[in-house]
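Asker: Handing you a structure now.
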Amino acid sequence: MISFLPESSYFGPPNMMSQEKLRDGGRLDPVQWAVIVSLIWSATFNAAGADDGIDFFESKIRPVLIQHCYECHSREFSEAKGGLVLDSREGIRRGGDSGAAVVPSDPSESLILQAVRYESLEMPPDSKLPGNVIADIEKWIAMGAPDPREEITTPITERKRAEIDWNAARRFWAFQPPNKHEVAVGTSHKIDGFIQSQLAEQGLTPNPLAENRTLLRRLYFDLIGLPPTPSEAEEFLQAAAVDRESALFDLVDSLLASPHFGERWASLWLDVARYAEDQAHIVGSNKELFYPNAYRYRDWLIDAFNEDVPYDELIRLQLAADLHTPEDPRDDVALGFLGLGPKYYRRGALEVMADEWEDRVDVVSRGLLGLTVACARCHDHKFDPIPTEDYYALAGVFASSEMWNRPMEDEAETEKNGQAKEPDQAIHIVRDQKVQDLNVFIRGDVNTKGEVVPRRFLTILSKSTPVAFVHGSGRLELAHLIASSDNPLTARVIVNRIWATYFGQPLVGTPSNFGQLGDVPTHPELLDDLAVRFMENGWSLKWLHREIVTSQTYQRSSDLTPDGKTIDPANRLLARMNRRRLNVEQWRDALLKVTGQLDSAIGGQSMVPDQPDERRRTVYSERSRFQLNPLLAMFDFPDPNAHAAKRVETTTPLQKLFVINSPFMVARAKDFAQRFGTESDDLVVQIQQAYQILFTRPPSQEELEVGRQFLQESTWEQYAQVLLASNEFLFLD
Amino acid sequence: MKPTPTSTLSRRSLLQRIGTGFGALGLAGTMQCQGLLGNQTDAGTVGISNPFHLVPRAKRIIFLFMNGGPSHVDTFDPKPALATYEGQQPDGKLYKPSKGSGYMPSPFQFSPHGESGVVMSELFPHLAQCADDLCVIRSMHTSVPNHEPGLLMMHCGNLQPIRPCLGSWLSYGLGSENEDLPSFVALSPGRPVVGPQLWSSSFLPGEHQGVAVDTNDLDVEKMIANVKHPSLSRSEQRKQLDMLFQLNQLHQEQRQNDQIFDEQIQAMELAYQMQSEATEAFDISRESESVRQLYGETPFGQSCLLARRLCERGVRYVQVYYVTKNGKQPWDTHSNNNESHRKLCADSDRATAALLMDLKTRGLLDDTLVVWTGEFGRTPYSQLDKKKDLNKAGRDHHHTGFSTVLAGGGVKGGLMYGATDELGMNAVENRVHVHDLHATMLHLMGLDHERLTYRYSGRDFRLTDIHGRVVEDILA
């Protein structure tokens with residue numbers, strides 16, 4: 001019933017449409033057209049002979065192919081979309097990803113006919129061919145598809161198994177097992193040995209150690225994410241004046257033991273885990289796909305960091321707690337690492353689930369292994385030794401696991417499948433479902449299925465041919481292989497992430513891509529040595545933290561020396577500590593702490609961080625895929641729709657508008673003014689106290705004078721807002 | 001805008017402030033700064049918004065979005081054959097079975113307008129006067145007939161919410177023309193379906209995110225967060241900032257004048273300036289009463305007017321959503337299609353025409369691309385509710401053929417391009433997928449959709465992924 005009647009009764013000459021059609025059909029200009037036709041014509045004319053079928057092909061079929069198909073399906077244009085070339089007899093009969101385009105004498109089996117009729121594919125995509133042309137194609141195929149065109153070269157695109165020289169591939173640095181290294185320079189701390197030997201090569205002298213006050217602030221902000229109070233500062237400074245080293249060790253021990261340590265470091269992991277509590281979409285007011293109890297995973301993380309659960313165990317629990325410790329379901333909430341992932345609209349449809357599996361593969365591979373495995377979903381990885389089969393081997397693990405709202409109480413109402421009826425009565429985790437090995441989806445198209453790939457680990461990280469998983473989904477087997485000291489990447493990746501947080505720059509500049517396109521380490525021996533010793537020390541994160549902050553490298557002053565500025569302006573060699581801007585968690589928490597208003601309760605439901613009267617730590621902020629809180633978004637929080645390798649740091653006027661005008665900042669200034677504007681009548685004393693609390697130092701004479709003058713005409717609240725807005729409050733030396 | 005010695009100078013000073021403004025100069029500016037774009041001195045087309053890959057035909061885009069999906073056969077794509085086949089059930093490949101009374105002709109009269117004879121229905125009496133400026137693409141198609149993925153496809157070129165939207169790509173590619181204003185603003189009286197993902201920068205740096213503004217209340221301070229201190233006067237605040245600069249100066253002097261503090265100090269000064277600049281830009285009460293009436297005193301009309309003010313001041317990309325306080329997708333006319341379209345078009349027609357005329361009068365239409373579209377079209381056949389009341393018949397979602405209207409900014413005016421079949425079911429001639437529309441829009445802005453890429457997660461991403469081609473035929 002659908003036909004090509006011109007619907008031109010309103011305007012224009014009746015034949016306008018057909019002219020349009022002719023003009024638009026090919027995107028070659030007439031000259032190109034003529035050249036191509038004449039070239040091919042002359043090249044093949046002799047072979048054509050006088051055969052009727054060939055004549056029919058030359059007069060009716062070849063021009064149509066050239067005009068409508070070659071642009072995307074010929075060698076001439078170096079294109080073979082869908083793996084299909086139509087410019088040779090072999091090409092058209094071999095077909096592309098979907099199968100043979102032409103089966104001689106069998107029109108019903110010839111995909112090209114279905115495509116031009118717009119039955120399966122719709123080709124050519126911009127306009128359906130006229131009916132008589134389609135009839136010609138059918139007739140030609142029925143004639144046996146006579147075709148004089150010889151194949152000139154080998155096909156340019158044909159999906160073939162990746163030809164990877166695995167032995168060569170394994171020689172890449174990141175796939176070599178890390179080893180311990182000796183340091184030449186005699187230093188009491190091994191980290192310093194590696195750093196100083198590279199500095200010496202460049203003729204750079206490391207900076208002296210930072211002064212005690214600076215080091216104190218650095219340690220507080222780095223380890224627990226909060227500034228020291230004046231009395232805490234006083235205690236340390238006195239002890240350090242007697243014995244700096246032992247005062248430092250004591251302080252590090254006490255900060256590592258603080259319950260706030262876990263709050264500070266959970267933030268890093270929440271970015272890695274693309275933690276969020278909802279979805280990027282809401283259908284109507286249906287929040288069924290939301291995660292009201294996501295915070296329990298976040299709180300579990302905080303506890304786990306505080307208790308120093310070994311990192312390998314953290315991985316096993318987050319990927320497979322249900323299979324790893326089935327006798328103890330308390331740790332199952334750790335499965336939120338997977339179970340809080342994005343759920344997309346129309347989930348259930350295969351193509352949508354394929355997108356979800358990509359998310360799981362991505363968060364696991366980039367997050368834990370520093371490998372961009374998701375790149376291999378549609379084609380073999382272009383740069384790394386990851387064939388498409390390996391992607392589907394991992395995706396199969398997640399296809400065999402399902403997102404599950406497990407009821408928290410026995411009384412909770414459940415669906416038939418055991419899932420809680422209401423999400424707020426459940427924890428959001430995963431469980432095994434019907435096991436399935438996936439086909440390769442050729443070019444990522446779920447309708448074009450290739451071979452079946454058993455669930456298994458990545459080839460490049462296996463000693464020989466990887467062994468298929470046999471226990472359920474295979475999540476636990478996968479977890480064991482990731483959290484293994486034989487895995488060359490896992491320890492390096494986490495060591496690099498934690499190093500980056502302390503120094504403001506990673507050893508490997510691309511923390512989630514250790515592949516060919518990633519950066520090479522600035523200090524390969526240091527990275528490897530630290531990774532191995534980290535594993536030897538039972539994958540203890542607290543060991544790693546202590547090891548880093550007790551190095552002299554960490555304790556150096558951040559002053560920029562003339563040598564440093566000329567020889568190593570980017571400070572890749574770490575002759576000095578980098579001066580760092582506080583992240584939004586540290587900055588907002590500090591605002592609350594100095595005004596005496598911080599609510600230091602650990603854990604609990606999430607809150608909205610820019611509410612003026614909200615006084616809990618920033619780590620407890622709602623993280624939304626739908627709409628990230630404006631304060632968090634403005635201050636460089638990553639989009640939790642996907643794993644974030646690192647935070648970008650931007651400086652914008654919008655941030656400053658928040659600082660000078662927002663109700664949150666105005667409330668902080670009020671709090672501060674109330675604390676100081678009343679304690680003493682003496683302006684000088686007040687200002688001195690304020691500086692101690694804000695900056696852990698007394699004001700200079702000039703600062704004192706500036707403050708006094710300002711306070712003659714303006715309120716304490718106005719003064720407080722300026723101090724809170726200052727660069728000194730935002731930066732760590 | 002021709003380059004003059006002055007503009008080069010100010011450009012240089014701007015370049016020093018990269019990273020301080022709203023996306024400041026974007027990729028083009030950064031690349032030129034690094035000498036990556038070669039020498040671009042004498043071409044008259046080189047302005048501050050550097051042609052990144054191509055000569056730009058448009059400097060800014062206003063994207064008018066009819067949330068829910070307007071019916072193409074009732075607006076820009078007349079199908080008289082629907083009367084012939086009225087009541088017959090559609091056959092062939094359907095996304096889901098028809099639940100209505102079969103083909104339903106449009107009750108609206110269509111006629112040609114202007115010298116070019118662009119055809120539209122009687123629902124667009126004002127827009128008819130702009131006929132010769134319009135480029136109506138009648139052969140649009142998209143991938144899925146559902147709102148969520150349809151909206152995401154139209155905004156981000158992808159069915160899932162994990163990609164940057166067009167406006168963010170433009171901001172990333174070209175930066176802002178006015179660093180005191182955002183380069184990308186999303187105006188919406190209420191919130192459309194999907195919501196913030198539609199103006200998300202996703203993995204692009206956050207500064208390229210659209211600034212979302214609720215235009216239900218046109219009070220400037222309600223529209224822009226933190227634009228004004230709740231109690232301090234401007235002079236009191238100036239005094240605060242003067243002291244702040246003094247304290248920051250002292251702090252910096254003790255740190256060998258570390259450069260990292262400069263951008264903080266500049267950002268603070270800019271923020272102070274922006275308070276007045278942004279307040280002025282967003283304040284439509286500064287427009288004359290007659291202009292405001294021209295656009296219509298509706299949230300959509302006033303949003304269009306605001307869009308013009310913003311574009312005039314250098315905002316690169318403005319989205320205007322047709323949503324209402326209570327309706328996140330008013331054009332989703334599953335029932336009462338005809339009456340609803342009458343009402344919706346009355347408002348949309350007036351505002352869109354006013355915008356085009358206003359831009360033209362100000363000489364801005366030539367380099368401002370205006371796009372009017374929904375996420376898809378509606379079925380040429382009817383959809384009935386349980387009562388089967390034919391008078392209240394609606395139309396369902398339809399993605400295999402619909403219409404999108406472009407104007408200004410380097411497209412041919414007075415053109416009807418492409419066609420659906422005789423019943424408006426499928427785009428059959430000169431088909432234009434959403435990816436093609438995106439490729440064309442970027443092209444008009446001077447960007448090659450195949451070269452505007454961002455390295456993320458191990459590969460280079462594009463707005464058009466591996467798809468899209470520029471629709472050369474509609475370029476002026």
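Residue numbering restarts at 1 in every chain; chains get A, B, ... in the order shown in the structure tokens, and ligands count up from 1 in that same order.
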Give me, as a PyMOL selection string, the contact residues of chain B against chain A at a cut-off of 6 Å, counting only C-alpha atoms.

Answerer: chain B and resi 20-21+194+196+226+228-229+244+267-268+270-271+428-431+458

Asker: Excluding Arg617 of chain A and residues on its chain fewer than 3 positions from it, collect all residues at most 12 Å away from it, counting only C-alpha atoms, and give them as a VMD selection string.

Answerer: chain A and resid 224 to 226 260 263 to 264 267 584 to 593 597 to 610 614 620 to 622

Asker: Please provide the set of residues having any atom within 10 Å of Thr379 of chain B, restricted to only C-alpha atoms, with same-chain residues fewer than 3 positions apart removed, written as a list in words.

Answerer: Ser71, His72, Val73, Ser98, Gly102, Tyr103, Met104, His334, Phe376, Ser382, Gln383, Gly394, Arg395, Asp396, His397, His398, His399, Thr400, Gly401, Phe402, Leu423, Gly424 and Met425 of chain B

Asker: Generate the output file for the selected residues, N, CA and C atoms, as a short mmCIF file (atom, residue, chain, number, x, y, z; two decimals), in the first residue's frame.

Answerer:
data_model
loop_
_atom_site.label_atom_id
_atom_site.label_comp_id
_atom_site.auth_asym_id
_atom_site.auth_seq_id
_atom_site.Cartn_x
_atom_site.Cartn_y
_atom_site.Cartn_z
N SER B 71 3.20 16.02 15.80
CA SER B 71 2.72 15.19 14.69
C SER B 71 3.14 15.81 13.37
N HIS B 72 3.93 15.10 12.60
CA HIS B 72 4.38 15.66 11.33
C HIS B 72 3.24 15.81 10.34
N VAL B 73 2.27 14.85 10.38
CA VAL B 73 1.20 14.94 9.38
C VAL B 73 0.17 16.03 9.71
N SER B 98 -1.10 -1.44 15.82
CA SER B 98 -1.98 -0.28 15.92
C SER B 98 -3.17 -0.63 16.82
N GLY B 102 -7.21 3.00 12.67
CA GLY B 102 -6.57 3.03 11.36
C GLY B 102 -6.12 4.42 10.97
N TYR B 103 -5.80 4.59 9.71
CA TYR B 103 -5.28 5.88 9.25
C TYR B 103 -6.23 7.01 9.57
N MET B 104 -5.66 8.13 9.97
CA MET B 104 -6.48 9.27 10.39
C MET B 104 -5.98 10.52 9.68
N HIS B 334 -1.25 11.38 22.91
CA HIS B 334 -1.83 10.04 22.73
C HIS B 334 -3.35 10.11 22.63
N PHE B 376 10.66 12.81 17.96
CA PHE B 376 10.20 12.01 16.83
C PHE B 376 8.86 12.58 16.39
N SER B 382 -4.45 6.44 13.98
CA SER B 382 -4.92 6.95 15.26
C SER B 382 -4.63 5.98 16.40
N GLN B 383 -4.77 6.52 17.58
CA GLN B 383 -4.69 5.71 18.79
C GLN B 383 -5.90 6.09 19.61
N GLY B 394 -6.07 10.06 19.45
CA GLY B 394 -4.70 10.56 19.54
C GLY B 394 -3.83 9.92 18.49
N ARG B 395 -2.56 10.22 18.57
CA ARG B 395 -1.59 9.56 17.70
C ARG B 395 -0.44 9.07 18.58
N ASP B 396 0.13 7.94 18.20
CA ASP B 396 1.19 7.32 19.00
C ASP B 396 2.57 7.83 18.54
N HIS B 397 3.60 7.39 19.24
CA HIS B 397 4.98 7.76 18.86
C HIS B 397 5.34 7.19 17.50
N HIS B 398 6.12 7.93 16.75
CA HIS B 398 6.47 7.45 15.41
C HIS B 398 7.88 7.91 15.05
N HIS B 399 8.76 6.96 14.81
CA HIS B 399 10.17 7.36 14.64
C HIS B 399 10.72 7.16 13.23
N THR B 400 9.95 6.53 12.33
CA THR B 400 10.53 6.22 11.02
C THR B 400 10.31 7.32 10.00
N GLY B 401 9.66 8.39 10.42
CA GLY B 401 9.50 9.53 9.54
C GLY B 401 8.91 10.68 10.32
N PHE B 402 9.55 11.83 10.31
CA PHE B 402 8.97 13.02 10.94
C PHE B 402 9.65 14.26 10.38
N LEU B 423 1.78 8.06 2.85
CA LEU B 423 0.98 8.09 4.08
C LEU B 423 1.77 8.63 5.28
N GLY B 424 2.97 9.07 5.05
CA GLY B 424 3.76 9.63 6.15
C GLY B 424 4.32 8.59 7.10
N MET B 425 4.37 7.35 6.63
CA MET B 425 4.84 6.27 7.51
C MET B 425 6.37 6.25 7.63
#

Asker: If we count only C-alpha atoms and set the cut-off at 9 Å, which residues sit around Gln198 of chain A, ignoring sequence neighbours fewer than 5 positions away in its own chain? Please answer as a list of chain:residue names.

Answerer: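 So, after excluding close chain neighbours, the residues are A:Gly193, A:Gly203, A:Leu204, A:His523, A:Leu573.
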
Asker: If you count only C-alpha atoms, which residues fall within 12 Å of Leu204 of chain B, apart from same-chain ones fewer than 3 positions away, as a VMD selection string?

Answerer: (chain A and resid 636 638 to 639 644 647 to 648 650) or (chain B and resid 23 26 to 27 162 to 173 199 to 201 207 to 210 453 to 457 460 to 463)

Asker: Rounded to one decimal, what separation in Å do you get between atom CA of Met665 of chain A and atom CA of Glu179 of chain B?

Answerer: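 Calculated distance between atom CA of Met665 of chain A and atom CA of Glu179 of chain B is 24.4 Å.
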
Asker: Need the shell around Ser197 of chain A: protein/DNA/RNA residues with any atom at most 12 Å away, counting only C-alpha atoms. Skip same-chain ones fewer than 3 positions apart. Format as JSON, numbers by chain?

Answerer: {"A": [182, 183, 184, 185, 186, 187, 190, 191, 192, 193, 194, 200, 201, 202, 203, 204, 205, 206, 523, 525, 526, 573, 574, 575]}

Asker: I need the residues from that last selection saved to file as a PDB file, in the first residue's frame (with N, CA and C atoms), if you can.

Answerer:
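Done, and the output landed in again-v7.pdb:
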ATOM      1  N   GLU A 182      66.382  -2.855  44.026  1.00  0.00           N
ATOM      2  CA  GLU A 182      67.306  -2.283  45.017  1.00  0.00           C
ATOM      3  C   GLU A 182      67.495  -0.807  44.690  1.00  0.00           C
ATOM      4  N   VAL A 183      67.761  -0.028  45.714  1.00  0.00           N
ATOM      5  CA  VAL A 183      68.047   1.380  45.447  1.00  0.00           C
ATOM      6  C   VAL A 183      69.522   1.645  45.680  1.00  0.00           C
ATOM      7  N   ALA A 184      70.079   2.457  44.791  1.00  0.00           N
ATOM      8  CA  ALA A 184      71.511   2.748  44.881  1.00  0.00           C
ATOM      9  C   ALA A 184      71.781   3.766  45.976  1.00  0.00           C
ATOM     10  N   VAL A 185      70.995   4.798  46.005  1.00  0.00           N
ATOM     11  CA  VAL A 185      71.240   5.868  46.966  1.00  0.00           C
ATOM     12  C   VAL A 185      70.925   5.368  48.362  1.00  0.00           C
ATOM     13  N   GLY A 186      71.806   5.648  49.276  1.00  0.00           N
ATOM     14  CA  GLY A 186      71.566   5.221  50.638  1.00  0.00           C
ATOM     15  C   GLY A 186      70.578   6.125  51.343  1.00  0.00           C
ATOM     16  N   THR A 187      69.352   5.695  51.465  1.00  0.00           N
ATOM     17  CA  THR A 187      68.360   6.469  52.192  1.00  0.00           C
ATOM     18  C   THR A 187      67.691   5.543  53.185  1.00  0.00           C
ATOM     19  N   LYS A 190      62.847   3.537  51.464  1.00  0.00           N
ATOM     20  CA  LYS A 190      63.069   3.049  50.114  1.00  0.00           C
ATOM     21  C   LYS A 190      62.490   3.972  49.027  1.00  0.00           C
ATOM     22  N   ILE A 191      61.319   4.532  49.308  1.00  0.00           N
ATOM     23  CA  ILE A 191      60.703   5.436  48.320  1.00  0.00           C
ATOM     24  C   ILE A 191      61.678   6.550  47.968  1.00  0.00           C
ATOM     25  N   ASP A 192      62.317   7.108  49.014  1.00  0.00           N
ATOM     26  CA  ASP A 192      63.223   8.236  48.776  1.00  0.00           C
ATOM     27  C   ASP A 192      64.402   7.832  47.897  1.00  0.00           C
ATOM     28  N   GLY A 193      64.837   6.588  48.033  1.00  0.00           N
ATOM     29  CA  GLY A 193      65.939   6.127  47.213  1.00  0.00           C
ATOM     30  C   GLY A 193      65.612   6.226  45.728  1.00  0.00           C
ATOM     31  N   PHE A 194      64.435   5.727  45.347  1.00  0.00           N
ATOM     32  CA  PHE A 194      64.039   5.784  43.928  1.00  0.00           C
ATOM     33  C   PHE A 194      63.904   7.226  43.439  1.00  0.00           C
ATOM     34  N   ALA A 200      68.990  12.951  41.118  1.00  0.00           N
ATOM     35  CA  ALA A 200      70.435  13.112  40.960  1.00  0.00           C
ATOM     36  C   ALA A 200      70.829  13.066  39.482  1.00  0.00           C
ATOM     37  N   GLU A 201      70.159  12.165  38.733  1.00  0.00           N
ATOM     38  CA  GLU A 201      70.451  12.084  37.296  1.00  0.00           C
ATOM     39  C   GLU A 201      70.209  13.421  36.608  1.00  0.00           C
ATOM     40  N   GLN A 202      69.208  14.151  37.054  1.00  0.00           N
ATOM     41  CA  GLN A 202      68.878  15.435  36.432  1.00  0.00           C
ATOM     42  C   GLN A 202      69.581  16.600  37.117  1.00  0.00           C
ATOM     43  N   GLY A 203      70.399  16.299  38.074  1.00  0.00           N
ATOM     44  CA  GLY A 203      71.098  17.359  38.769  1.00  0.00           C
ATOM     45  C   GLY A 203      70.210  18.213  39.643  1.00  0.00           C
ATOM     46  N   LEU A 204      69.145  17.616  40.152  1.00  0.00           N
ATOM     47  CA  LEU A 204      68.222  18.372  41.003  1.00  0.00           C
ATOM     48  C   LEU A 204      68.410  17.986  42.466  1.00  0.00           C
ATOM     49  N   THR A 205      68.389  19.006  43.318  1.00  0.00           N
ATOM     50  CA  THR A 205      68.451  18.748  44.750  1.00  0.00           C
ATOM     51  C   THR A 205      67.028  18.781  45.295  1.00  0.00           C
ATOM     52  N   PRO A 206      66.648  17.793  46.078  1.00  0.00           N
ATOM     53  CA  PRO A 206      65.290  17.847  46.626  1.00  0.00           C
ATOM     54  C   PRO A 206      65.124  19.007  47.603  1.00  0.00           C
ATOM     55  N   HIS A 523      58.237   6.695  37.400  1.00  0.00           N
ATOM     56  CA  HIS A 523      59.188   5.988  38.257  1.00  0.00           C
ATOM     57  C   HIS A 523      58.826   4.510  38.264  1.00  0.00           C
ATOM     58  N   GLU A 525      60.462   1.692  38.614  1.00  0.00           N
ATOM     59  CA  GLU A 525      60.975   0.815  39.676  1.00  0.00           C
ATOM     60  C   GLU A 525      60.285   1.092  41.000  1.00  0.00           C
ATOM     61  N   LEU A 526      60.030   2.359  41.267  1.00  0.00           N
ATOM     62  CA  LEU A 526      59.328   2.723  42.494  1.00  0.00           C
ATOM     63  C   LEU A 526      57.937   2.102  42.491  1.00  0.00           C
ATOM     64  N   LEU A 573      59.553  14.791  38.740  1.00  0.00           N
ATOM     65  CA  LEU A 573      60.551  14.031  39.512  1.00  0.00           C
ATOM     66  C   LEU A 573      60.376  14.187  41.020  1.00  0.00           C
ATOM     67  N   LEU A 574      59.447  15.042  41.407  1.00  0.00           N
ATOM     68  CA  LEU A 574      59.096  15.193  42.823  1.00  0.00           C
ATOM     69  C   LEU A 574      60.251  15.668  43.705  1.00  0.00           C
ATOM     70  N   ALA A 575      60.948  16.675  43.239  1.00  0.00           N
ATOM     71  CA  ALA A 575      61.923  17.326  44.116  1.00  0.00           C
ATOM     72  C   ALA A 575      61.206  18.092  45.215  1.00  0.00           C
TER      73      ALA A 575
END

Asker: So which residues touch Leu338 of chain A within 12 Å, counting only C-alpha atoms, skipping near sequence neighbours fewer than 2 positions away, as number ranges by chain?

Answerer: A: 272-276, 294, 297, 315-321, 332-336, 340-343, 356-364, 367, 397-398, 401-404, 428-431, 475, 642-643

Asker: Apply DSSP to the backbone of this structure and, from segment 195-402 of chain A, keep only the residues in helix (DSSP H, G or I); write these as a ChimeraX atom specification.

Answerer: /A:195-201,212-223,230-242,244-257,260-272,295-306,311-324,329-339,350-369,373-377,388-399

Asker: Please determine, counting only C-alpha atoms, which residue among B:Ser143, B:Asn178, B:Asn336, B:Gln197 has the shortest atom-to-atom distance to Met274 of chain B.

Answerer: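 Smallest distance to Met274 of chain B is found for B:Asn178.
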
Asker: For a test of reading the model, state the distance in Å between atom CA of Thr215 of chain B and atom CA of Gly410 of chain B, rounded to one decimal.

Answerer: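 Those two atoms sit 29.1 Å apart.
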
Asker: Between atom CA of Gly92 of chain B and atom CA of Pro145 of chain B, what distance in Å does the model show, to one decimal?

Answerer: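 Taking atom CA of Gly92 of chain B and atom CA of Pro145 of chain B, their separation equals 16.5 Å.
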